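J.: Compact mmCIF, C-alpha atoms, file upload-v1.txt:
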# COMPACT_ATOMS: atom_id res chain seq x y z
CA MET W 29 -66.46 -32.88 -16.85
CA ARG W 30 -68.86 -30.34 -15.39
CA ARG W 31 -67.93 -27.63 -12.90
CA ARG W 32 -70.25 -25.68 -10.63
CA ALA W 33 -70.30 -23.81 -7.35
CA ALA W 34 -70.14 -25.89 -4.17
CA ALA W 35 -73.26 -25.69 -2.00
CA GLN W 36 -72.75 -25.82 1.77
CA GLU W 37 -74.31 -29.27 2.13
CA LEU W 38 -71.70 -30.66 -0.26
CA LEU W 39 -68.88 -28.86 1.52
CA ASN W 40 -70.03 -30.49 4.74
CA GLY W 41 -69.20 -33.81 3.08
CA LEU W 42 -65.52 -32.87 3.39
CA ASN W 43 -65.72 -33.38 7.14
CA LYS W 44 -64.99 -37.09 6.63
CA TYR W 45 -61.60 -36.05 5.26
CA GLY W 46 -60.79 -33.93 8.33
CA LEU W 47 -60.70 -30.70 6.31
CA PRO W 48 -61.16 -27.19 7.76
CA VAL W 49 -64.11 -26.34 5.48
CA GLU W 50 -64.39 -22.74 6.67
CA ARG W 51 -60.77 -22.00 5.66
CA LEU W 52 -60.76 -23.51 2.17
CA VAL W 53 -60.24 -21.15 -0.78
CA ASN W 54 -62.45 -21.30 -3.91
CA PRO W 55 -63.80 -24.86 -3.56
CA TYR W 56 -66.02 -26.06 -6.40
CA VAL W 57 -67.86 -29.18 -7.49
CA LEU W 58 -66.59 -31.39 -10.32
CA GLU W 59 -68.81 -34.06 -11.89
CA PHE W 60 -67.62 -36.76 -14.28
CA ASP W 61 -69.55 -39.26 -16.39
CA ALA W 62 -68.84 -42.99 -16.25
CA GLY W 63 -65.74 -43.76 -18.30
CA GLU W 64 -64.45 -40.19 -18.18
CA ILE W 65 -60.83 -39.49 -17.27
CA LEU W 66 -60.31 -37.42 -14.11
CA CYS W 67 -56.56 -37.02 -14.62
CA LEU W 68 -53.67 -38.54 -16.54
CA ASP W 69 -50.22 -39.55 -15.33
CA GLY W 70 -47.73 -36.79 -16.14
CA GLN W 71 -50.28 -34.00 -16.58
CA PRO W 72 -49.91 -30.77 -14.58
CA VAL W 73 -51.77 -30.74 -11.27
CA GLU W 74 -54.49 -28.10 -11.03
CA TRP W 75 -56.52 -29.26 -8.04
CA ILE W 76 -56.81 -31.79 -5.27
CA PHE W 77 -60.06 -33.73 -5.57
CA PHE W 78 -62.12 -35.27 -2.75
CA LEU W 79 -64.60 -37.91 -3.83
CA LEU W 80 -68.11 -37.63 -2.37
CA GLU W 81 -70.11 -39.95 -4.63
CA GLY W 82 -69.34 -42.66 -7.18
CA ARG W 83 -66.67 -45.18 -8.01
CA ALA W 84 -63.36 -44.73 -9.82
CA LYS W 85 -60.17 -46.63 -10.55
CA ILE W 86 -56.59 -45.43 -10.15
CA PHE W 87 -54.11 -46.97 -12.56
CA MET W 88 -50.63 -46.60 -13.97
CA THR W 89 -49.45 -47.18 -17.53
CA ALA W 90 -46.29 -49.23 -18.09
CA ASP W 91 -43.73 -48.53 -20.80
CA THR W 92 -45.37 -51.33 -22.79
CA GLY W 93 -48.60 -49.34 -22.90
CA GLU W 94 -50.42 -51.74 -20.57
CA ASN W 95 -52.38 -50.45 -17.57
CA LEU W 96 -52.32 -51.79 -14.02
CA ILE W 97 -54.88 -50.96 -11.33
CA LEU W 98 -53.40 -49.38 -8.21
CA ASN W 99 -56.58 -48.68 -6.27
CA LEU W 100 -60.35 -48.58 -6.47
CA TRP W 101 -62.52 -45.87 -4.99
CA ASP W 102 -66.05 -46.45 -3.76
CA GLY W 103 -67.52 -43.28 -2.25
CA TYR W 104 -64.18 -42.28 -0.72
CA GLY W 105 -60.88 -41.23 -2.24
CA VAL W 106 -58.46 -38.35 -2.65
CA LEU W 107 -56.89 -37.50 -5.98
CA CYS W 108 -53.58 -35.64 -5.67
CA ASP W 109 -52.86 -36.38 -2.00
CA MET W 110 -49.43 -37.79 -2.90
CA GLU W 111 -48.77 -34.92 -5.30
CA LEU W 112 -49.57 -32.46 -2.50
CA PHE W 113 -46.53 -33.69 -0.58
CA MET W 114 -44.22 -34.29 -3.54
CA GLY W 115 -44.69 -30.77 -4.83
CA ASP W 116 -43.43 -31.46 -8.36
CA GLY W 117 -46.63 -30.26 -10.01
CA ILE W 118 -47.60 -33.38 -12.00
CA TYR W 119 -49.91 -36.35 -11.46
CA HIS W 120 -48.19 -39.67 -10.77
CA ALA W 121 -51.13 -41.91 -11.73
CA SER W 122 -54.25 -41.80 -13.88
CA CYS W 123 -57.86 -41.97 -12.76
CA ARG W 124 -61.02 -42.99 -14.64
CA ALA W 125 -64.63 -42.88 -13.42
CA ILE W 126 -66.38 -46.25 -13.23
CA THR W 127 -69.78 -44.73 -12.43
CA PRO W 128 -70.82 -41.07 -12.46
CA VAL W 129 -68.52 -39.33 -9.99
CA ARG W 130 -68.99 -36.17 -7.97
CA GLY W 131 -66.64 -34.47 -5.54
CA ILE W 132 -65.09 -31.23 -4.32
CA ALA W 133 -62.01 -29.80 -6.04
CA LEU W 134 -59.66 -27.35 -4.33
CA PRO W 135 -57.23 -25.26 -6.41
CA LEU W 136 -53.92 -26.56 -5.14
CA ASP W 137 -51.89 -23.38 -5.47
CA VAL W 138 -54.02 -21.43 -2.98
CA ASN W 139 -54.91 -24.32 -0.66
CA ARG W 140 -51.58 -26.14 -0.32
CA GLU W 141 -50.43 -24.40 2.86
CA ILE W 142 -53.91 -24.64 4.40
CA LEU W 143 -53.94 -28.39 3.90
CA LEU W 144 -50.36 -28.87 5.07
CA GLY W 145 -51.19 -26.89 8.20
CA CYS W 146 -54.27 -28.96 9.10
CA ASN W 147 -53.26 -31.60 11.65
CA GLU W 148 -56.48 -33.61 11.35
CA TYR W 149 -56.23 -33.85 7.57
CA LEU W 150 -52.54 -34.82 7.80
CA ARG W 151 -53.29 -37.46 10.44
CA ARG W 152 -55.97 -39.07 8.27
CA THR W 153 -53.79 -38.89 5.16
CA CYS W 154 -50.86 -40.54 6.94
CA ARG W 155 -53.17 -43.28 8.21
CA SER W 156 -54.45 -43.87 4.68
CA PHE W 157 -50.90 -44.09 3.32
CA ALA W 158 -49.89 -46.48 6.12
CA ARG W 159 -52.85 -48.76 5.46
CA SER W 160 -52.01 -48.94 1.78
CA MET W 161 -48.38 -49.78 2.51
CA ALA W 162 -49.22 -52.33 5.20
CA LYS W 163 -51.70 -54.21 3.05
CA ASP W 164 -49.68 -53.94 -0.17
CA ARG W 165 -52.58 -55.72 -1.79
CA ASN W 166 -53.57 -52.71 -3.87
CA VAL W 167 -50.87 -53.69 -6.35
CA PHE W 168 -49.38 -57.01 -5.30
CA ASN W 169 -52.64 -58.94 -4.93
CA ASN W 170 -53.57 -57.76 -8.38
CA ILE W 171 -50.49 -59.59 -9.67
CA LEU W 172 -50.33 -62.63 -7.39
CA TYR W 173 -53.94 -63.79 -7.28
CA PRO W 174 -55.21 -66.02 -10.12
CA VAL W 175 -56.95 -64.24 -12.98
CA GLU W 176 -60.32 -65.73 -12.00
CA ALA W 177 -60.00 -64.21 -8.52
CA ARG W 178 -58.92 -60.81 -9.81
CA LEU W 179 -61.66 -60.75 -12.42
CA CYS W 180 -64.39 -61.64 -9.91
CA SER W 181 -63.06 -59.00 -7.52
CA TYR W 182 -63.11 -56.46 -10.34
CA ILE W 183 -66.67 -57.44 -11.30
CA ALA W 184 -67.78 -57.13 -7.68
CA MET W 185 -66.40 -53.60 -7.53
CA ASN W 186 -67.63 -52.45 -10.92
CA GLY W 187 -70.92 -54.30 -11.33
CA THR W 188 -74.37 -53.13 -10.29
CA GLU W 189 -76.64 -55.53 -8.43
CA GLY W 190 -74.84 -58.54 -9.85
CA GLU W 191 -74.79 -57.24 -13.44
CA TRP W 192 -71.57 -56.20 -15.18
CA SER W 193 -70.47 -54.90 -18.55
CA ASP W 194 -67.27 -53.13 -19.48
CA ASN W 195 -64.75 -52.51 -22.23
CA LEU W 196 -63.01 -55.90 -22.23
CA THR W 197 -59.89 -54.56 -23.91
CA GLN W 198 -59.43 -52.07 -21.07
CA VAL W 199 -60.27 -54.72 -18.47
CA SER W 200 -57.63 -57.09 -19.86
CA GLU W 201 -55.04 -54.30 -19.64
CA LEU W 202 -56.05 -53.40 -16.09
CA LEU W 203 -55.84 -57.04 -15.01
CA GLY W 204 -52.49 -57.50 -16.75
CA VAL W 205 -53.62 -60.31 -19.06
CA SER W 206 -54.20 -60.67 -22.78
CA TYR W 207 -57.61 -60.10 -24.30
CA ARG W 208 -57.82 -63.79 -25.29
CA HIS W 209 -56.90 -64.87 -21.76
CA LEU W 210 -59.70 -62.67 -20.38
CA LEU W 211 -62.22 -64.21 -22.79
CA ARG W 212 -61.10 -67.73 -21.81
CA THR W 213 -61.49 -66.83 -18.14
CA LEU W 214 -64.98 -65.45 -18.67
CA ARG W 215 -65.99 -68.56 -20.62
CA GLY W 216 -64.56 -70.74 -17.86
CA LEU W 217 -66.53 -68.92 -15.16
CA CYS W 218 -69.67 -69.27 -17.25
CA ALA W 219 -69.01 -72.98 -17.75
CA LYS W 220 -68.68 -73.40 -13.97
CA GLY W 221 -71.98 -71.62 -13.44
CA VAL W 222 -70.40 -68.68 -11.61
CA LEU W 223 -71.37 -66.16 -14.31
CA ARG W 224 -73.99 -66.11 -17.04
CA ARG W 225 -73.63 -64.30 -20.36
CA THR W 226 -76.41 -61.88 -21.30
CA GLU W 227 -77.08 -59.45 -24.15
CA ARG W 228 -75.81 -56.57 -22.01
CA GLY W 229 -72.80 -58.32 -20.48
CA TYR W 230 -72.62 -60.77 -17.58
CA VAL W 231 -74.58 -61.50 -14.41
CA VAL W 232 -73.52 -63.38 -11.28
CA ALA W 233 -75.31 -66.72 -11.47
CA ASP W 234 -73.99 -68.30 -8.26
CA GLN W 235 -73.36 -65.81 -5.45
CA ARG W 236 -71.66 -68.32 -3.13
CA ALA W 237 -69.24 -69.54 -5.79
CA PHE W 238 -68.62 -65.96 -6.93
CA ALA W 239 -67.78 -64.88 -3.37
CA SER W 240 -65.21 -67.70 -3.10
CA TYR W 241 -63.37 -66.30 -6.14
CA ASN W 242 -63.71 -62.63 -5.16
CA LYS W 243 -60.15 -61.73 -4.12
CA GLY W 244 -57.51 -59.34 -5.38
CA PHE W 245 -58.58 -55.71 -5.04
CA VAL W 246 -58.87 -53.48 -1.98
CA THR W 247 -60.77 -50.21 -1.98
CA MET W 248 -59.58 -47.04 -0.32
CA GLU W 249 -61.10 -46.87 3.17
CA GLU W 250 -62.33 -43.92 5.19
CA THR W 251 -59.93 -42.92 7.89
Render the structure in this file as structure tokens.
T.:
Amino acid sequence: MRRRAAAQELLNGLNKYGLPVERLVNPYVLEFDAGEILCLDGQPVEWIFFLLEGRAKIFMTADTGENLILNLWDGYGVLCDMELFMGDGIYHASCRAITPVRGIALPLDVNREILLGCNEYLRRTCRSFARSMAKDRNVFNNILYPVEARLCSYIAMNGTEGEWSDNLTQVSELLGVSYRHLLRTLRGLCAKGVLRRTERGYVVADQRAFASYNKGFVTMEET
């Protein structure tokens, strides 16, 4: 994680979140490398984070030690929006960067009342919460869709120009399947010509077939 002062052009990026930029106290930029943890479930909350660039995944860890994806960010997302309202001072999910991530962090202790007093920010946050609840696919589709569909959806979100590589142990946990099941699924998709194995990972070999499987995850949308 790298921290630096927030230039005005980056602060202007907060307009899409409905924030009163001129009233915010001590905003700063946080940058994370791909694979780096932004926060962990149960840790004390220090800041609320507004994503400006990059992709990240929000997940929870079950008592069994397995992880389950709750949401995926792609250029838009707020870390600690729920914690802002709960007020218990701890994170209720974990977040890991998929690609390099950059955003604006606001110290929560000195910005809480400013945020809670901003009608436009509250309106957009409530809309975001409502969309997540109405769709319910952020969690339930991850469980109910076949593994092939979830895996292709995950590859679509985490790949770059049709190429994908990842820690397969972590992917199996995030999809809620065993490592062997994940390998069988990848081999099956390769046998069907949907994917092709390479030295670096996998590439999408048949875009039309891949698109037909691509179901299961929903990204956080701008409000």
J.: Assuming 3 Å of padding per side, give the centre and edge lengths of the axis-aligned box around every listed atom of segment 186-201 of chain W, in Å to one decimal and as JSON.
T.:
{"center_x": -65.8, "center_y": -55.3, "center_z": -16.2, "size_x": 27.6, "size_y": 12.5, "size_z": 21.5}
J.: Provide the atom CA of Arg155 of chain W to atom CA of Ala133 of chain W distance in Å, to one decimal place.
T.: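 Going from atom CA of Arg155 of chain W over to atom CA of Ala133 of chain W, I get 21.5 Å.
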J.: Kindly indicate which residue among W:Ser122, W:Gln36, W:Asn43, W:Asn99 lies nearest to Gln71 of chain W, using only C-alpha atoms for the distances.
T.: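 Closest candidate: W:Ser122.
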J.: Need the neighbours of (-55.0, -47.0, -11.3): which residues are at most 9 Å away, counting all atoms listed in the file, as a list of chain:residue names?
T.: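 Looking at atoms near the point gives W:Ala84, W:Lys85, W:Ile86, W:Phe87, W:Met88, W:Thr89, W:Asn95, W:Leu96, W:Ile97, W:Leu98, W:Asn99, W:Leu100, W:Ala121, W:Ser122, W:Cys123, W:Arg124, W:Leu202.
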J.: Pick out the closest residue to Tyr56 of chain W from this set: W:Leu112, W:Leu68, W:Leu39, W:Leu136. Count all atoms listed in the file.
T.: W:Leu39
J.: Which is closest to Met29 of chain W among W:Asp91, W:Ala125, W:Phe78, W:Gly103, if we use only C-alpha atoms?
T.: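 The closest residue to Met29 of chain W is W:Ala125.
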J.: Closest to Val129 of chain W among W:Val73, W:Ala62, W:Ala177, W:Val106, using all atoms listed in the file?
T.: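 Under the stated criterion, the closest residue is W:Ala62.
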J.: Rank W:Ala239, W:Leu203, W:Leu217, W:Ile142 by their smallest atom-to-atom distance to Ala184 of chain W, using all atoms listed in the file, and report the top residue only.
T.: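 Counting all atoms listed in the file, the residue closest to Ala184 of chain W is W:Ala239.
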J.: Pick out the residues sitting within 9 Å of Leu79 of chain W, and hand them over as a list in words; count only C-alpha atoms, and ignore anything fewer than 4 positions along from it in its own chain.
T.: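 Once the adjacent positions are removed, what remains is Leu42, Arg83, Trp101, Asp102, Gly103, Tyr104, Gly105, Val106, Leu107, Val129, Arg130, Gly131, Ile132 and Ala133 of chain W.
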J.: Tell me, in Å to one decimal, how far atom CA of Leu144 of chain W is from atom CA of Val53 of chain W.
T.: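 Here the two named atoms are 13.8 Å from each other.
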J.: Can you tell me how far atom CA of Asp234 of chain W sits from atom CA of Leu196 of chain W, in Å to one decimal?
T.: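 Distance reported for this atom pair: 21.7 Å.
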J.: Can you list, as a list of chain:residue names, every protein, DNA or RNA residue that comes within 7 Å of Trp192 of chain W when you count only C-alpha atoms, leaving out same-chain residues fewer than 2 positions away?
T.: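 In the requested form, the answer reads W:Ile183, W:Asn186, W:Gly187, W:Thr188, W:Gly190, W:Asp194, W:Gly229, W:Tyr230, W:Val231.
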J.: Nearest to Asp137 of chain W among W:Glu74, W:Glu227, W:Asp61, W:Asp116, with distances taken over all atoms listed in the file: which residue is it?
T.: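 Counting all atoms listed in the file, the residue closest to Asp137 of chain W is W:Glu74.
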J.: Can you tell me which residues surround Cys146 of chain W at a distance of at most 9 Å, considering all atoms listed in the file, apart from same-chain residues fewer than 5 positions away, and format the answer as JSON, numbers by chain?
T.: {"W": [46, 47, 48, 141, 151]}
